[in-house]
$ cat data-v7.cif   # mmCIF, C-alpha atoms and all ligand atoms
data_entry
loop_
_atom_site.label_atom_id
_atom_site.label_comp_id
_atom_site.auth_asym_id
_atom_site.auth_seq_id
_atom_site.Cartn_x
_atom_site.Cartn_y
_atom_site.Cartn_z
CA MET A 1 -5.13 15.60 29.00
CA SER A 2 -3.51 17.37 26.08
CA ARG A 3 -0.20 15.56 25.66
CA TYR A 4 -0.69 15.82 21.90
CA ALA A 5 -1.73 19.47 21.50
CA ASP A 6 -0.28 20.76 18.20
CA ARG A 7 0.90 17.26 17.25
CA VAL A 8 0.03 15.52 14.00
CA VAL A 9 -0.56 11.78 14.23
CA VAL A 10 -0.94 9.32 11.34
CA VAL A 11 -2.63 5.98 12.05
CA THR A 12 -2.80 3.35 9.30
CA GLY A 13 -5.70 0.90 9.11
CA ALA A 14 -7.67 3.28 11.30
CA ALA A 15 -11.13 2.83 9.78
CA ARG A 16 -11.99 0.34 12.53
CA GLY A 17 -10.72 -1.79 15.40
CA ILE A 18 -7.50 -0.92 17.23
CA GLY A 19 -6.57 1.75 14.66
CA ALA A 20 -9.87 3.63 15.07
CA ALA A 21 -9.62 3.51 18.88
CA THR A 22 -6.00 4.71 18.71
CA ALA A 23 -6.93 7.59 16.40
CA GLN A 24 -9.71 8.52 18.83
CA ARG A 25 -7.35 8.46 21.82
CA PHE A 26 -4.80 10.75 20.14
CA ALA A 27 -7.62 13.11 19.10
CA GLU A 28 -8.94 13.20 22.69
CA GLU A 29 -5.45 14.19 23.81
CA GLY A 30 -5.36 17.15 21.44
CA ALA A 31 -3.80 15.82 18.22
CA SER A 32 -4.73 16.43 14.64
CA VAL A 33 -5.15 13.00 13.11
CA ALA A 34 -4.80 11.47 9.65
CA VAL A 35 -6.82 8.27 9.30
CA LEU A 36 -5.36 6.10 6.54
CA ASP A 37 -7.17 3.01 5.31
CA LEU A 38 -7.78 1.09 2.09
CA ASP A 39 -11.20 2.54 1.43
CA GLN A 40 -11.60 6.32 1.16
CA SER A 41 -15.17 6.48 2.46
CA ALA A 42 -14.37 4.22 5.46
CA ALA A 43 -11.29 6.32 6.27
CA GLN A 44 -13.30 9.54 6.01
CA ALA A 45 -16.15 8.16 8.16
CA SER A 46 -13.65 7.21 10.88
CA ALA A 47 -11.99 10.66 10.68
CA ASP A 48 -15.41 12.36 10.85
CA ALA A 49 -16.27 10.36 13.99
CA LEU A 50 -13.27 11.67 15.95
CA THR A 51 -13.81 14.02 18.88
CA LEU A 52 -11.34 16.82 18.19
CA ALA A 53 -9.81 19.46 20.45
CA ASP A 54 -10.25 23.12 19.51
CA GLY A 55 -8.16 23.93 16.45
CA ALA A 56 -7.33 20.27 15.73
CA LYS A 57 -8.20 18.68 12.38
CA ALA A 58 -8.85 15.19 11.07
CA VAL A 59 -8.49 13.87 7.54
CA GLY A 60 -9.39 10.52 6.02
CA ILE A 61 -7.09 9.35 3.25
CA ALA A 62 -7.23 6.21 1.09
CA CYS A 63 -3.95 4.33 1.29
CA ASP A 64 -2.77 0.81 0.61
CA VAL A 65 0.26 0.59 2.88
CA SER A 66 1.76 -2.23 0.83
CA ASP A 67 1.92 -0.06 -2.29
CA SER A 68 4.81 2.37 -2.59
CA ALA A 69 3.05 4.92 -4.82
CA SER A 70 -0.05 4.91 -2.62
CA VAL A 71 2.08 5.48 0.50
CA GLN A 72 3.97 8.36 -1.12
CA ALA A 73 0.73 10.04 -2.19
CA ALA A 74 -0.93 9.57 1.22
CA VAL A 75 2.03 10.95 3.18
CA ALA A 76 2.24 13.94 0.84
CA ARG A 77 -1.50 14.56 1.42
CA VAL A 78 -1.06 14.46 5.21
CA VAL A 79 1.74 17.03 5.08
CA GLU A 80 -0.24 19.22 2.68
CA ASP A 81 -3.39 19.11 4.84
CA LEU A 82 -1.93 19.01 8.37
CA GLY A 83 1.50 20.60 7.87
CA LYS A 84 3.81 17.95 9.38
CA ILE A 85 3.95 14.47 10.90
CA ASP A 86 4.99 13.94 14.53
CA VAL A 87 3.71 10.42 15.14
CA LEU A 88 3.23 7.38 12.90
CA VAL A 89 1.33 4.31 14.08
CA ASN A 90 1.82 1.36 11.72
CA ASN A 91 -1.38 -0.51 12.55
CA ALA A 92 -2.87 -1.73 9.23
CA GLY A 93 -3.20 -5.48 9.20
CA VAL A 94 -4.77 -8.57 7.68
CA ILE A 95 -4.82 -12.26 8.50
CA ARG A 96 -4.76 -15.23 6.10
CA ASP A 97 -4.47 -18.11 8.57
CA ASN A 98 -3.70 -21.64 7.41
CA LEU A 99 -1.52 -24.53 8.45
CA LEU A 100 1.76 -24.54 6.53
CA PHE A 101 0.81 -27.33 4.14
CA LYS A 102 -2.33 -25.43 3.11
CA MET A 103 -0.85 -21.92 3.08
CA SER A 104 -0.80 -20.48 -0.44
CA ASP A 105 1.82 -18.15 -1.89
CA ASP A 106 -0.84 -15.46 -1.83
CA ASP A 107 -1.64 -16.06 1.88
CA TRP A 108 2.04 -15.60 2.65
CA ASP A 109 2.66 -12.58 0.41
CA THR A 110 -0.48 -10.68 1.42
CA VAL A 111 0.26 -10.85 5.14
CA ILE A 112 3.98 -10.09 4.81
CA ASN A 113 3.24 -7.24 2.41
CA VAL A 114 0.63 -5.47 4.51
CA HIS A 115 2.34 -5.78 7.90
CA LEU A 116 6.04 -5.78 7.17
CA ARG A 117 6.44 -4.07 3.80
CA GLY A 118 3.67 -1.65 4.85
CA ALA A 119 5.50 -0.59 8.01
CA PHE A 120 8.75 -0.30 6.04
CA LEU A 121 7.22 1.84 3.28
CA MET A 122 5.32 4.10 5.69
CA SER A 123 8.32 4.58 8.00
CA ARG A 124 10.68 5.31 5.11
CA GLU A 125 8.31 7.93 3.71
CA VAL A 126 7.45 9.57 7.03
CA GLN A 127 11.06 9.82 8.28
CA LYS A 128 11.72 12.23 5.40
CA HIS A 129 9.61 14.71 7.37
CA MET A 130 10.63 13.68 10.90
CA VAL A 131 14.42 13.81 10.38
CA PRO A 132 14.62 17.51 9.36
CA ALA A 133 12.26 18.34 12.25
CA GLU A 134 14.51 16.34 14.61
CA TYR A 135 11.36 14.95 16.22
CA GLY A 136 9.28 11.87 15.70
CA LYS A 137 7.64 8.79 17.19
CA ILE A 138 7.02 5.59 15.26
CA LEU A 139 4.97 2.77 16.77
CA ASN A 140 4.61 -0.63 15.12
CA LEU A 141 1.82 -3.10 15.90
CA SER A 142 3.39 -6.47 16.62
CA SER A 143 1.49 -9.30 18.34
CA THR A 144 1.90 -12.11 20.86
CA SER A 145 1.69 -14.29 17.73
CA ALA A 146 5.26 -13.13 17.01
CA LEU A 147 6.27 -15.78 19.57
CA GLY A 148 4.61 -18.49 17.46
CA ASN A 149 1.00 -19.41 16.79
CA ARG A 150 -0.38 -22.47 15.05
CA GLY A 151 -1.86 -21.61 11.65
CA GLN A 152 -0.12 -18.24 11.49
CA ALA A 153 3.32 -18.86 9.95
CA ASN A 154 2.86 -15.77 7.75
CA TYR A 155 1.48 -13.52 10.51
CA SER A 156 3.96 -14.69 13.15
CA ALA A 157 6.91 -14.09 10.79
CA ALA A 158 5.59 -10.62 9.94
CA LYS A 159 4.98 -9.70 13.56
CA MET A 160 8.42 -10.89 14.72
CA GLY A 161 9.88 -9.13 11.68
CA LEU A 162 8.28 -5.94 12.94
CA GLN A 163 10.14 -6.31 16.23
CA GLY A 164 13.44 -6.49 14.31
CA LEU A 165 12.42 -3.51 12.18
CA THR A 166 11.57 -1.62 15.38
CA ARG A 167 14.99 -2.23 16.93
CA THR A 168 16.85 -1.35 13.73
CA LEU A 169 14.91 1.85 13.05
CA ALA A 170 15.46 2.86 16.69
CA LEU A 171 19.23 2.46 16.14
CA GLU A 172 19.21 4.41 12.87
CA LEU A 173 16.80 7.20 13.77
CA GLY A 174 17.58 7.86 17.44
CA ARG A 175 20.18 10.48 16.60
CA TYR A 176 17.46 12.51 14.85
CA GLY A 177 15.22 12.63 17.91
CA ILE A 178 12.99 9.82 16.69
CA ASN A 179 11.78 7.06 19.03
CA VAL A 180 10.68 3.76 17.51
CA ASN A 181 8.79 1.20 19.58
CA ALA A 182 6.32 -1.62 19.16
CA VAL A 183 3.27 -2.76 21.03
CA ALA A 184 2.40 -6.45 20.94
CA PRO A 185 -1.27 -7.04 21.76
CA GLY A 186 -2.69 -10.31 22.98
CA PHE A 187 -6.33 -11.16 22.35
CA ILE A 188 -8.18 -7.92 21.53
CA VAL A 189 -11.89 -7.90 20.70
CA THR A 190 -12.13 -6.67 17.09
CA ASP A 191 -13.45 -7.85 13.72
CA MET A 192 -10.09 -9.62 13.29
CA THR A 193 -10.54 -11.91 16.32
CA ASP A 194 -14.25 -12.41 15.51
CA ALA A 195 -13.23 -13.55 12.00
CA THR A 196 -10.76 -16.02 13.53
CA ALA A 197 -13.54 -17.40 15.76
CA ARG A 198 -15.81 -17.99 12.78
CA ARG A 199 -12.98 -19.60 10.81
CA VAL A 200 -12.45 -22.18 13.55
CA GLY A 201 -16.22 -22.70 13.90
CA VAL A 202 -16.72 -21.03 17.30
CA GLU A 203 -19.13 -18.20 18.15
CA PRO A 204 -17.12 -15.00 18.84
CA GLU A 205 -18.55 -14.77 22.38
CA GLU A 206 -17.38 -18.31 23.21
CA PHE A 207 -14.00 -17.65 21.60
CA ARG A 208 -13.53 -14.60 23.84
CA LYS A 209 -14.48 -16.58 26.95
CA GLY A 210 -11.87 -19.23 26.09
CA ALA A 211 -9.18 -16.58 25.57
CA ALA A 212 -10.10 -14.90 28.87
CA GLN A 213 -9.83 -18.20 30.76
CA ARG A 214 -6.28 -18.69 29.43
CA SER A 215 -5.20 -15.22 30.58
CA PRO A 216 -3.70 -14.55 34.04
CA LEU A 217 -6.05 -11.57 34.37
CA LEU A 218 -8.99 -13.76 33.25
CA LYS A 219 -10.03 -11.22 30.66
CA VAL A 220 -9.58 -10.27 27.03
CA GLY A 221 -8.44 -6.86 25.85
CA TYR A 222 -10.28 -4.11 24.01
CA PRO A 223 -8.98 -1.64 21.40
CA GLN A 224 -8.81 1.08 24.07
CA ASP A 225 -6.23 -0.99 25.99
CA ILE A 226 -3.88 -0.76 23.01
CA ALA A 227 -4.76 2.88 22.37
CA SER A 228 -3.70 3.87 25.88
CA ALA A 229 -0.37 2.01 25.53
CA ALA A 230 0.16 3.74 22.16
CA ALA A 231 -0.61 7.15 23.66
CA PHE A 232 2.03 6.54 26.34
CA LEU A 233 4.75 5.11 24.06
CA CYS A 234 4.41 7.96 21.54
CA SER A 235 4.38 10.67 24.22
CA ASP A 236 7.29 12.74 25.48
CA GLU A 237 6.88 10.98 28.85
CA ALA A 238 8.32 7.92 27.06
CA GLY A 239 11.16 9.97 25.58
CA PHE A 240 13.91 7.64 26.93
CA ILE A 241 12.20 4.50 25.65
CA THR A 242 13.15 3.29 22.18
CA GLY A 243 13.61 -0.01 20.36
CA GLN A 244 11.24 -1.76 22.77
CA THR A 245 8.29 -4.08 22.29
CA LEU A 246 5.65 -3.76 25.00
CA TYR A 247 3.40 -6.80 25.34
CA VAL A 248 -0.13 -5.67 26.18
CA ASP A 249 -1.71 -9.06 26.61
CA GLY A 250 -3.16 -9.44 30.09
CA GLY A 251 -0.09 -11.46 31.02
CA ALA A 252 -0.68 -14.10 28.34
CA LYS A 253 3.01 -14.59 27.57
CA ILE A 254 4.11 -14.93 31.22
P1 LIG B 301 -9.08 -5.03 11.94
O1 LIG B 301 -10.26 -4.74 12.83
O2 LIG B 301 -9.16 -6.13 10.96
O3 LIG B 301 -8.66 -3.67 11.22
C1 LIG B 301 -7.56 -3.63 10.36
C2 LIG B 301 -7.68 -2.41 9.46
O4 LIG B 301 -6.55 -2.41 8.57
C3 LIG B 301 -8.94 -2.46 8.58
O5 LIG B 301 -9.58 -1.22 8.57
C4 LIG B 301 -8.37 -2.82 7.21
O6 LIG B 301 -9.11 -2.32 6.11
C5 LIG B 301 -7.02 -2.11 7.27
N1 LIG B 301 -6.12 -2.60 6.22
C6 LIG B 301 -5.95 -3.87 5.78
N2 LIG B 301 -5.06 -3.90 4.78
C7 LIG B 301 -4.65 -2.63 4.57
C8 LIG B 301 -3.74 -2.02 3.67
N3 LIG B 301 -3.08 -2.74 2.76
N4 LIG B 301 -3.56 -0.68 3.74
C9 LIG B 301 -4.24 0.05 4.65
N5 LIG B 301 -5.12 -0.46 5.53
C10 LIG B 301 -5.32 -1.79 5.49
O7 LIG B 301 -7.79 -5.37 12.84
P2 LIG B 301 -7.42 -5.05 14.37
O8 LIG B 301 -7.78 -6.24 15.16
O9 LIG B 301 -7.91 -3.70 14.74
O10 LIG B 301 -5.82 -5.06 14.25
C11 LIG B 301 -5.04 -3.87 14.11
C12 LIG B 301 -3.58 -4.24 14.20
O11 LIG B 301 -3.33 -4.87 15.47
C13 LIG B 301 -3.12 -5.24 13.14
O12 LIG B 301 -1.80 -4.95 12.74
C14 LIG B 301 -3.15 -6.55 13.88
O13 LIG B 301 -2.31 -7.52 13.31
C15 LIG B 301 -2.71 -6.13 15.26
N6 LIG B 301 -3.11 -7.05 16.32
C16 LIG B 301 -4.43 -7.31 16.57
C17 LIG B 301 -4.77 -8.21 17.58
C18 LIG B 301 -6.19 -8.54 17.92
O14 LIG B 301 -6.40 -9.42 18.79
N7 LIG B 301 -7.21 -7.92 17.33
C19 LIG B 301 -3.76 -8.85 18.32
C20 LIG B 301 -2.43 -8.55 18.02
C21 LIG B 301 -2.12 -7.66 17.02
P3 LIG B 301 -10.28 -3.22 5.42
O15 LIG B 301 -11.37 -3.23 6.39
O16 LIG B 301 -10.57 -2.49 4.15
O17 LIG B 301 -9.64 -4.58 5.21
#
$ encode --input "data-v7.cif" --output "C-alpha cells"
Amino acid sequence: MSRYADRVVVVTGAARGIGAATAQRFAEEGASVAVLDLDQSAAQASADALTLADGAKAVGIACDVSDSASVQAAVARVVEDLGKIDVLVNNAGVIRDNLLFKMSDDDWDTVINVHLRGAFLMSREVQKHMVPAEYGKILNLSSTSALGNRGQANYSAAKMGLQGLTRTLALELGRYGINVNAVAPGFIVTDMTDATARRVGVEPEEFRKGAAQRSPLLKVGYPQDIASAAAFLCSDEAGFITGQTLYVDGGAKI
C-alpha cells in the first residue's frame, strides 16, 4: 500500500507506544515521517527504526508540545527538512492519575497542558502550512476516558476537550481542504497502561486480562490497532469524514 507516497506526516510523542506504531504505519505506506518527542535521542532512535519507502525520509526532533517556542521551532524544522506537512497526529500524552481530593495543581496542569494545550499549539502552528496548500489532515488522540474514568479528572477533561477541539477545528479548517478527526482508544497495551497497572498494585499481565474480560471482544488492543485507524482517518479515502471521534476500543463503550 502506498496511500501516503509523497506525503509528510508529523507524529508527536512518537518515541514509543501508539505514536511509534503510528509513525511506522505511515512510513510503511510511503510517507516521510517526523518523529517528535521530548527527548532528542529517543525521537531520533524511533525515526531511525522506521522502515521507509524509496525516496522517503524520517527525522527525529525534540519537542515539548506544551511549550509554544518548542512547537514553533520543531514545526519549522520539519518544513525545512521535509518540505511541507500533510498530516499531523497529536498523540503526545502523559497521565497523573489521582482521586480529586488528592489531585495536585501540578497533576491537573501537566495533563491539560500536554494533551489539550499541546494539540492546540501544534495544530495552530501546522495549519499555517496546510492552509496555503489547501490540504491537510489533523488527528487528535482522545480516549474512552473522555466519557469519565475514576481517578482521571484531569485526563478525562483533556480527552473530552480534545473532542470539542476536533469539532471546532473541523468547522474552521474544512474550507481549506483540511480534515480534523479524533480517535479514542480503549485499553491499549503500552508503557502507559503498564504504569497504571503498577500504580494500582496489579501486575501488567493481570491488568490486561481484566480489561480483556470487560471487553465485548474479550481482548485488549495494541498500538497497531490505533495506527491502522489513524492511517484510514488521515487518508484520502476518508476525505468526506471530518469532526468525528472514532472509538477504537473493542466495543468497550457499547
Ligand atoms: P506512552 O507509551 O506513555 O507514550 C507517550 C509518548 O508521549 C512518550 O514518548 C512521551 O515521552 C511523549 N510525551 C509526553 N509528554 C510530551 C510532551 N510534552 N511533548 C512531547 N512528547 C511528550 O503513551 P501511549 O499509551 O502510547 O499513548 C499515546 C496517546 O494515546 C496518548 O495521548 C494517550 O493519552 C492516548 N491513549 C492511550 C491509551 C492506552 O491505553 N495506552 C488509551 C487511550 C488513549 P517521554 O517518554 O519522554 O515521557
$ atom_distance --input "data-v7.cif" --atom1 "CA of Met103 (chain A)" --atom2 "atom C9 of ligand LIG 301 (chain B)"
22.3 Å
$ closest_atom_pairs --input "data-v7.cif" --of "region 2-39 of chain A" --to "region 123-133 of chain A" --cutoff "12 Å" --atoms "only C-alpha atoms" --output "CSV"
residue,atom,partner,partner_atom,distance
A:Val8,CA,A:Met130,CA,11.2
A:Val9,CA,A:Val126,CA,11.0
A:Val10,CA,A:Val126,CA,9.4
A:Val11,CA,A:Ser123,CA,11.8
A:Thr12,CA,A:Ser123,CA,11.3
$ residues_near_ligand --input "data-v7.cif" --ligand "ligand LIG 301 (chain B)" --cutoff "6 Å" --atoms "all atoms listed in the file" --output "ChimeraX atom specification"
/A:12-19,37-39,63-66,91-94,114,141-143,185-193
$ write_last_selection --input "data-v7.cif" --atoms "C-alpha atoms" --output "PDB file, keeping the file's coordinate frame"
ATOM      1  CA  THR A  12      -2.800   3.350   9.300  1.00  0.00           C
ATOM      2  CA  GLY A  13      -5.700   0.900   9.110  1.00  0.00           C
ATOM      3  CA  ALA A  14      -7.670   3.280  11.300  1.00  0.00           C
ATOM      4  CA  ALA A  15     -11.130   2.830   9.780  1.00  0.00           C
ATOM      5  CA  ARG A  16     -11.990   0.340  12.530  1.00  0.00           C
ATOM      6  CA  GLY A  17     -10.720  -1.790  15.400  1.00  0.00           C
ATOM      7  CA  ILE A  18      -7.500  -0.920  17.230  1.00  0.00           C
ATOM      8  CA  GLY A  19      -6.570   1.750  14.660  1.00  0.00           C
ATOM      9  CA  ASP A  37      -7.170   3.010   5.310  1.00  0.00           C
ATOM     10  CA  LEU A  38      -7.780   1.090   2.090  1.00  0.00           C
ATOM     11  CA  ASP A  39     -11.200   2.540   1.430  1.00  0.00           C
ATOM     12  CA  CYS A  63      -3.950   4.330   1.290  1.00  0.00           C
ATOM     13  CA  ASP A  64      -2.770   0.810   0.610  1.00  0.00           C
ATOM     14  CA  VAL A  65       0.260   0.590   2.880  1.00  0.00           C
ATOM     15  CA  SER A  66       1.760  -2.230   0.830  1.00  0.00           C
ATOM     16  CA  ASN A  91      -1.380  -0.510  12.550  1.00  0.00           C
ATOM     17  CA  ALA A  92      -2.870  -1.730   9.230  1.00  0.00           C
ATOM     18  CA  GLY A  93      -3.200  -5.480   9.200  1.00  0.00           C
ATOM     19  CA  VAL A  94      -4.770  -8.570   7.680  1.00  0.00           C
ATOM     20  CA  VAL A 114       0.630  -5.470   4.510  1.00  0.00           C
ATOM     21  CA  LEU A 141       1.820  -3.100  15.900  1.00  0.00           C
ATOM     22  CA  SER A 142       3.390  -6.470  16.620  1.00  0.00           C
ATOM     23  CA  SER A 143       1.490  -9.300  18.340  1.00  0.00           C
ATOM     24  CA  PRO A 185      -1.270  -7.040  21.760  1.00  0.00           C
ATOM     25  CA  GLY A 186      -2.690 -10.310  22.980  1.00  0.00           C
ATOM     26  CA  PHE A 187      -6.330 -11.160  22.350  1.00  0.00           C
ATOM     27  CA  ILE A 188      -8.180  -7.920  21.530  1.00  0.00           C
ATOM     28  CA  VAL A 189     -11.890  -7.900  20.700  1.00  0.00           C
ATOM     29  CA  THR A 190     -12.130  -6.670  17.090  1.00  0.00           C
ATOM     30  CA  ASP A 191     -13.450  -7.850  13.720  1.00  0.00           C
ATOM     31  CA  MET A 192     -10.090  -9.620  13.290  1.00  0.00           C
ATOM     32  CA  THR A 193     -10.540 -11.910  16.320  1.00  0.00           C
TER      33      THR A 193
END
$ atom_distance --input "data-v7.cif" --atom1 "CA of Gly30 (chain A)" --atom2 "CA of Leu171 (chain A)"
29.1 Å
$ atom_distance --input "data-v7.cif" --atom1 "CA of Ala195 (chain A)" --atom2 "CA of Lys219 (chain A)"
19.1 Å
$ residues_near_point --input "data-v7.cif" --point "(-4.2, -21.3, 11.4)" --cutoff "6 Å" --atoms "only C-alpha atoms" --output "PyMOL selection string"
chain A and resi 97-99+150-152
$ closest_residue --input "data-v7.cif" --among "A:Asp106, A:Glu29, A:Asp236, A:Asp54" --to "Gly177 (chain A)" --atoms "only C-alpha atoms"
A:Asp236
